[in-house]
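Note sheet for the following structure.
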Amino acid sequence: MDPTVAERRLRAISGHLFPLSGDLASSRFSTNPTAGEFVKVEGYSVVLPEKLYTGKWNVYRSARAPLKLLEGYPDHPEIRTLHDNFAYAAENFRDHRYLGTRVRDDGTVGEYKWMTYGEASTSRTAIGSSLVNRGIPQGSSIGLYFINRPEWTIVDHACSAYSYVSVPLYDTLGPDAVQYIVNHASVQVIFCVPQTLSILLSFVSNIPSVRLMVVVGGLDENMPPLPLTNGIEVITFSKLLSQGLKNPQPFRPPKADDIATICYTSGTTGTPKGAVLLHINFIASTAGTCLSLDFNPTDIYLSYLPLAHIYERAYQVAMTHYGVSIGFYQGDNLKLMDDLAVLRPTVFASVPRLYNKIYAGIINAVKQSGGLKEKLFNAAFNSKRRALLNGKTPSPIWDKLVFNKIKEKLGGRVRFMTSGASPLSAEVLDFIKICFGCEILEGYGMTETSCCATTMDGGDMLSGHVGSPNPCVEIKLVDVPEMNYTSDDVPYPRGEICVRGHSVFRGYFKDEVQTREVFDEDGWLHTGDIGLWLPMGRLKIIDRKKNIFKLAQGEYIAPEKIENVYSKCKFIALCFVYGDSFNSALVAIVSVEPEILKSWAESQGIESEDLGQLVNDPRAWAAVLADMDRVGKEAQLRGFEFAKAVTLVSEPFTLENGLLTPTFKIKRPQAKEYFANAISDMYAQLSSSSVN
């Protein structure tokens with residue numbers, strides 16, 4: 001094509017946009033009214049052609065970065081790595097409190113004690129220096145095997161400053177997976193706590209790459225003999241810190257394209273996959289997400305979501321950039337509300353599972369209060385909702401009369417919330433927004449996109465979607481004809497969500513096969529999630545391309561694996577395990593073995609007219625579920641992989657009733673629809689029992 005034609009196309013695209021005046025002129029664009037449906041003045045996305053010469057107009061970008069994807073913080077282009085980010089914060093917020101904990105050295109819990117940004121910087125240097133002094137080579141993998149606490153963040157900063165690669169390890173993967181990750185990533189140093197040290201020592205002879213174990217919160221007198229028989233040194237964190245303070249080493253700063261971390265996920269096959277994330281991935285992701293948000297050193301953030309997961313990890317990078325104080329929970333989710341009451345955060349990140357619990361708890365309390373209190377709550381809620389929908393400021397009287405008491409559940413000062421990891425229903429999001437009187441934004445992303453690929457835009461009053469693209473990436477939907485999803489669907493384009501940009505990971509560590517499976521030849525990451533574009537360029541998640549799905553707490557489920565385990569249950573002819581990202585538990589539809597169930601009933605003295613009556617007997621449900629639990633334990637299913645409720649059916653799954661494929665595999669979409677009422681009833685039962 002003639003270059004002048006290409007230039008005209010670029011001018012045509014640019015002609016749809018004009019810069020805003022003021023400070024945001026360089027980073028955010030408004031849209032020309034002639035630009036089309038998704039690029040109206042109030043639009044959140046712009047649509048561009050995938051390829052300049054022949055491309056279909058199906059690539060969506062943030063209206064804040066329509067022509068060039070964001071690589072970093074616009075006001076600080078010099079920040080290119082995680083080391084740069086913390087160095088900037090340590091210099092600008094040196095005397096401001098940074099990391100706080102309630103847990104004392106003796107294990108007791110009290111008020112929060114704080115370490116300043118400057119003190120954290122000193123500790124970071126000392127820990128990194130000690131690793132250098134022990135001859136740990138640049139680029140080595142450093143394992144972190146403990147839950148959120150200040151030392152986790154300090155070690156992570158040390159890795160960044162001295163060009164080490166952090167490798168989070170976490171309990172939910174199990175000891176076998178931890179051993180696999182340590183060997184797969186050739187981890188040389190592991191920071192742990194006494195509890196996880198015991199686990200490591202149980203297979204210490206099987207992790208030959210490890211040279212040093214550092215025990216956080218351990219006492220010198222409780223350390224095993226040094227060194228261990230295989231040459232591994234075991235030392236306390238406090239001793240390592242002290243040694244580094246005496247012999248500091250200069251930083252070995254990384255480059256933007258150096259590996260920052262290898263985040264292992266549970267994956268879909270049972271073997272953890274290591275997502276390789278670069279420094280630029282983190283910087284681009286957090287800079288893009290925060291482009292329109294306002295954080296400052298007066299903010300306080302509670303850290304309780306696992307730092308081994310990308311959601312919390314990216315959040316801390318962003319909070320650090322703005323000088324926010326990060327207070328850590330005491331390590332027990334059951335005591336989280338107590339931590340909230342003491343810390344009184346202004347920023348709160350959570351997942352649908354907790355928001356759903358808060359929602360259910362408030363609704364239940366209102367119903368139990370009855371009478372005048374219930375009427376007052378409903379009047380306050382409806383009045384505030386109407387005001388917000390109409391763009392008006394709600395009357396402050398409702399907060400004084402009703403909602404301030406509810407706000408105290410999160411400490412009373414929260415002004416900003418986010419939800420991620422799995423979908424949050426529009427009903428619950430709107431409820432939380434009204435009751436707590438603050439903005440709550442939902443985002444969508446994954447480890448492979450360094451957290452947020454999309455985020456709801458501030459001020460957007462429509463719920464039930466995950467917002468517009470992060471300014472650092474572009475997104476397109478790819479046709480999935482076997483599921484009847486196409487980008488030409490009306491009224492809304494639908495398809496598999498594909499992401500490309502500066503926050504997208506570079507591949508799976510030592511796994512070219514799985515890397516090739518998720519990337520196409522044009523560099524698009526295929527997420528496996530199905531989405532649709534709502535008006536104004538908002539993305540909505542509607543399905544999964546594969547049978548793998550997430551529960552509400554973010555755990556991935558491979559249902560066929562669980563069904564294969566349950567097939568060993570004597571009562572089961574065929575089992576359909578179901579779950580979704582709105583619920584935290586699995587349920588199961590069981591087609592029973594008629595004769596075995598009848599025989600069991602006779603042995604229990606249970607009389608029934610026929611099999612149809614027997615499968616509806618609660619005693620039969622309990623017996624089958626107990627046997628499923630037994631075989632599940634024998635197969636070492638993880639807690640969230642157990643079905644929590646069961647429905648028994650006498651009708652077999654067959655080709656004739658449309659529930660089986662010709663190769664006798666369950667047709668999952670059809671089974672979901674066929675048993676929709678039973679599935680709904682089981683979740684209602686579980687919800688009712690959890691409230692009571």
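Each chain in the structure tokens gets a letter, A, B, ..., in the order shown, and its residues are numbered from 1; ligands are numbered from 1 in order too.
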Considering only strand (DSSP E) as DSSP defines it on the backbone, what residues of range 130-341 of chain A qualify? List them as a CSV table (one decimal) with N, CA and C atoms, in the first residue's frame.
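Produced file states_26.csv, reproduced below:
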```
chain,number,residue,atom,x,y,z
A,141,SER,N,17.2,-17.3,41.9
A,141,SER,CA,15.8,-17.3,42.4
A,141,SER,C,15.8,-17.4,43.9
A,142,ILE,N,15.0,-16.5,44.5
A,142,ILE,CA,14.8,-16.4,45.9
A,142,ILE,C,13.4,-16.7,46.3
A,143,GLY,N,13.2,-17.8,47.1
A,143,GLY,CA,11.9,-18.2,47.5
A,143,GLY,C,11.3,-17.5,48.7
A,144,LEU,N,10.1,-17.2,48.7
A,144,LEU,CA,9.4,-16.6,49.9
A,144,LEU,C,8.3,-17.5,50.3
A,145,TYR,N,8.4,-18.2,51.4
A,145,TYR,CA,7.5,-19.2,51.9
A,145,TYR,C,6.9,-18.8,53.2
A,165,VAL,N,15.6,-12.8,41.5
A,165,VAL,CA,14.2,-13.1,41.0
A,165,VAL,C,13.4,-13.7,42.2
A,166,SER,N,12.4,-13.0,42.6
A,166,SER,CA,11.6,-13.5,43.7
A,166,SER,C,10.6,-14.6,43.2
A,167,VAL,N,10.5,-15.7,44.0
A,167,VAL,CA,9.6,-16.8,43.6
A,167,VAL,C,8.7,-17.1,44.8
A,168,PRO,N,7.5,-16.5,44.8
A,168,PRO,CA,6.6,-16.8,46.0
A,168,PRO,C,6.2,-18.3,46.0
A,187,VAL,N,15.7,-22.6,42.9
A,187,VAL,CA,15.7,-21.6,44.0
A,187,VAL,C,17.0,-21.9,44.9
A,188,GLN,N,17.7,-20.8,45.2
A,188,GLN,CA,19.0,-20.9,46.0
A,188,GLN,C,18.8,-20.5,47.4
A,189,VAL,N,17.9,-19.6,47.7
A,189,VAL,CA,17.6,-19.1,49.0
A,189,VAL,C,16.1,-19.2,49.3
A,190,ILE,N,15.7,-19.6,50.4
A,190,ILE,CA,14.3,-19.6,50.8
A,190,ILE,C,14.1,-18.9,52.1
A,191,PHE,N,13.3,-17.8,52.1
A,191,PHE,CA,12.9,-17.2,53.3
A,191,PHE,C,11.6,-17.8,53.8
A,192,CYS,N,11.5,-18.3,55.0
A,192,CYS,CA,10.4,-19.0,55.6
A,192,CYS,C,10.1,-18.6,57.0
A,212,LEU,N,20.7,-21.7,51.2
A,212,LEU,CA,20.4,-21.0,52.4
A,212,LEU,C,18.9,-20.9,52.7
A,213,MET,N,18.6,-21.1,54.0
A,213,MET,CA,17.2,-20.9,54.5
A,213,MET,C,17.2,-19.9,55.6
A,214,VAL,N,16.4,-18.9,55.4
A,214,VAL,CA,16.3,-17.8,56.3
A,214,VAL,C,15.0,-17.8,57.0
A,215,VAL,N,15.0,-17.9,58.4
A,215,VAL,CA,13.8,-18.1,59.2
A,215,VAL,C,13.3,-16.8,59.7
A,233,GLU,N,22.7,-23.8,54.8
A,233,GLU,CA,22.9,-23.0,56.0
A,233,GLU,C,21.5,-22.5,56.4
A,234,VAL,N,21.2,-22.6,57.7
A,234,VAL,CA,19.9,-22.1,58.2
A,234,VAL,C,20.2,-21.0,59.2
A,235,ILE,N,19.6,-19.8,59.0
A,235,ILE,CA,19.9,-18.6,59.8
A,235,ILE,C,18.6,-17.8,60.0
A,236,THR,N,18.6,-17.1,61.1
A,236,THR,CA,17.4,-16.3,61.4
A,236,THR,C,17.4,-15.0,60.5
A,259,ILE,N,13.9,-10.1,34.5
A,259,ILE,CA,12.8,-10.8,35.2
A,259,ILE,C,12.7,-10.3,36.7
A,260,ALA,N,11.5,-9.9,37.1
A,260,ALA,CA,11.3,-9.5,38.5
A,260,ALA,C,10.9,-10.7,39.3
A,261,THR,N,10.0,-11.5,38.8
A,261,THR,CA,9.5,-12.6,39.6
A,261,THR,C,9.0,-13.7,38.7
A,262,ILE,N,8.9,-14.9,39.3
A,262,ILE,CA,8.2,-16.0,38.6
A,262,ILE,C,7.1,-16.4,39.5
A,263,CYS,N,5.9,-16.2,39.1
A,263,CYS,CA,4.7,-16.4,39.8
A,263,CYS,C,4.1,-17.8,39.4
A,264,TYR,N,4.1,-18.7,40.2
A,264,TYR,CA,3.5,-20.1,39.9
A,264,TYR,C,2.0,-20.1,40.2
A,265,THR,N,1.3,-20.6,39.3
A,265,THR,CA,-0.1,-20.8,39.4
A,265,THR,C,-0.5,-22.3,39.4
A,273,LYS,N,2.5,-23.8,36.9
A,273,LYS,CA,3.1,-23.1,35.8
A,273,LYS,C,3.7,-21.8,36.3
A,274,GLY,N,4.9,-21.5,35.9
A,274,GLY,CA,5.6,-20.3,36.4
A,274,GLY,C,5.5,-19.2,35.4
A,275,ALA,N,4.7,-18.2,35.7
A,275,ALA,CA,4.5,-17.0,34.8
A,275,ALA,C,5.7,-16.1,35.0
A,276,VAL,N,6.5,-15.8,34.0
A,276,VAL,CA,7.6,-14.9,34.0
A,276,VAL,C,7.2,-13.5,33.9
A,277,LEU,N,7.4,-12.7,34.9
A,277,LEU,CA,7.0,-11.3,34.9
A,277,LEU,C,8.2,-10.4,35.0
A,278,LEU,N,8.3,-9.4,34.1
A,278,LEU,CA,9.4,-8.5,34.0
A,278,LEU,C,9.1,-7.3,34.9
A,300,ILE,N,-4.2,4.7,54.1
A,300,ILE,CA,-3.8,3.5,54.8
A,300,ILE,C,-4.4,2.3,54.2
A,301,TYR,N,-3.6,1.3,53.9
A,301,TYR,CA,-4.0,0.1,53.2
A,301,TYR,C,-3.8,-1.2,54.1
A,302,LEU,N,-4.8,-2.0,54.1
A,302,LEU,CA,-4.7,-3.3,54.9
A,302,LEU,C,-4.3,-4.4,53.9
A,303,SER,N,-3.2,-5.1,54.2
A,303,SER,CA,-2.7,-6.2,53.4
A,303,SER,C,-3.1,-7.5,54.1
A,325,SER,N,0.6,4.0,53.6
A,325,SER,CA,1.0,3.2,54.8
A,325,SER,C,0.3,1.8,54.6
A,326,ILE,N,1.1,0.7,54.7
A,326,ILE,CA,0.5,-0.6,54.5
A,326,ILE,C,0.6,-1.3,55.9
A,327,GLY,N,-0.6,-1.6,56.4
A,327,GLY,CA,-0.7,-2.4,57.7
A,327,GLY,C,-1.0,-3.8,57.4
A,328,PHE,N,-0.3,-4.8,58.0
A,328,PHE,CA,-0.6,-6.2,57.7
A,328,PHE,C,-1.5,-6.8,58.7
```
Skip Ser121 in chain A itself and residues of its chain fewer than 6 positions away, then list as a ChimeraX atom specification all residues within 8 Å of it, counting only C-alpha atoms.
-> /A:87,90,154
Enumerate the residues of range 294-504 of chain A with a DSSP assignment of helix (DSSP H, G or I), computed from the backbone, and present them as a PyMOL selection string.
-> chain A and resi 310-321+333-343+352-369+371-389+397-410+426-436+447-449+481-483
From the set A:Ala89, A:Ile406, A:Leu70, A:Leu539, which residue has the shortest atom-to-atom contact distance to Pro493 in chain A, counting only C-alpha atoms?
->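 Under the stated criterion, the closest residue is A:Leu539.
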Check the smallest atom-to-atom distance from each of A:Glu312, A:Glu563, A:Asp338, A:Glu517 to Thr153 in chain A using only C-alpha atoms, then report the winner.
->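 Of the candidates, the smallest distance to Thr153 in chain A is held by A:Glu312.
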Find the distance between CA of Asp105 in chain A and CA of His309 in chain A and write it in Å to one decimal.
->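 Those two atoms sit 26.1 Å apart.
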Using only C-alpha atoms, determine which residues lie at most 9 Å from Met446 in chain A, disregarding the query and same-chain residues fewer than 2 positions distant; provide the list as a list in words.
->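 So the residues in contact are Ile310, Tyr311, Ala421, Tyr444, Glu448, Thr449, Ser450, Cys451, Cys452, Ala453 and Thr527 of chain A.
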If you count only C-alpha atoms, which residues fall within 9 Å of Met417 in chain A, apart from same-chain ones fewer than 3 positions away, as a PDB file with C-alpha atoms, in the first residue's frame?
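Contents of around06.pdb, as written:
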```
ATOM      1  CA  THR A 346      -8.852   4.217  53.817  1.00  0.00           C
ATOM      2  CA  VAL A 347      -8.139   1.817  50.922  1.00  0.00           C
ATOM      3  CA  PHE A 348      -9.469  -1.735  50.882  1.00  0.00           C
ATOM      4  CA  ALA A 349      -8.910  -4.448  48.287  1.00  0.00           C
ATOM      5  CA  SER A 350     -10.858  -7.663  48.536  1.00  0.00           C
ATOM      6  CA  VAL A 414     -12.640   3.425  53.851  1.00  0.00           C
ATOM      7  CA  LYS A 433     -21.260   1.204  47.318  1.00  0.00           C
ATOM      8  CA  CYS A 438     -17.418   5.029  48.802  1.00  0.00           C
ATOM      9  CA  GLU A 439     -16.334   4.122  45.318  1.00  0.00           C
ATOM     10  CA  ILE A 440     -15.885   0.423  44.599  1.00  0.00           C
ATOM     11  CA  LEU A 441     -14.335  -0.604  41.296  1.00  0.00           C
ATOM     12  CA  GLU A 442     -14.166  -4.068  39.794  1.00  0.00           C
TER      13      GLU A 442
END
```
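Residues with any atom within 7 Å of range 471-487 of chain A, counting only C-alpha atoms and excluding same-chain neighbours fewer than 2 positions away, are Asn58, Val59, Tyr60, Arg61, Ser62, Arg64, Ala65, Leu69, Leu70, Glu71, Ala284, Ser285, Gly288, Ala453, Pro469, Asp489, Pro493, Arg494, Gly495, Glu496, Ile497, Cys498, Val499, Arg500, Gly501, His502 and Ser503 of chain A.
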Identify, on the basis of only C-alpha atoms, every residue whose closest approach to range 540-542 of chain A does not exceed 8 Å; exclude the query and any residue fewer than 5 positions from it along the same chain; express the result as a PyMOL selection string.
-> chain A and resi 423+464-467+529-534
Residue nearest Lys113 in chain A among A:Pro49, A:Gln138, A:Glu512, A:Leu343 (counting only C-alpha atoms) | A:Leu343
How far is it from CA of Val518 in chain A to CA of Leu659 in chain A, in Å with one decimal?
->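 Computing the Euclidean distance for CA of Val518 in chain A and CA of Leu659 in chain A yields 29.5 Å.
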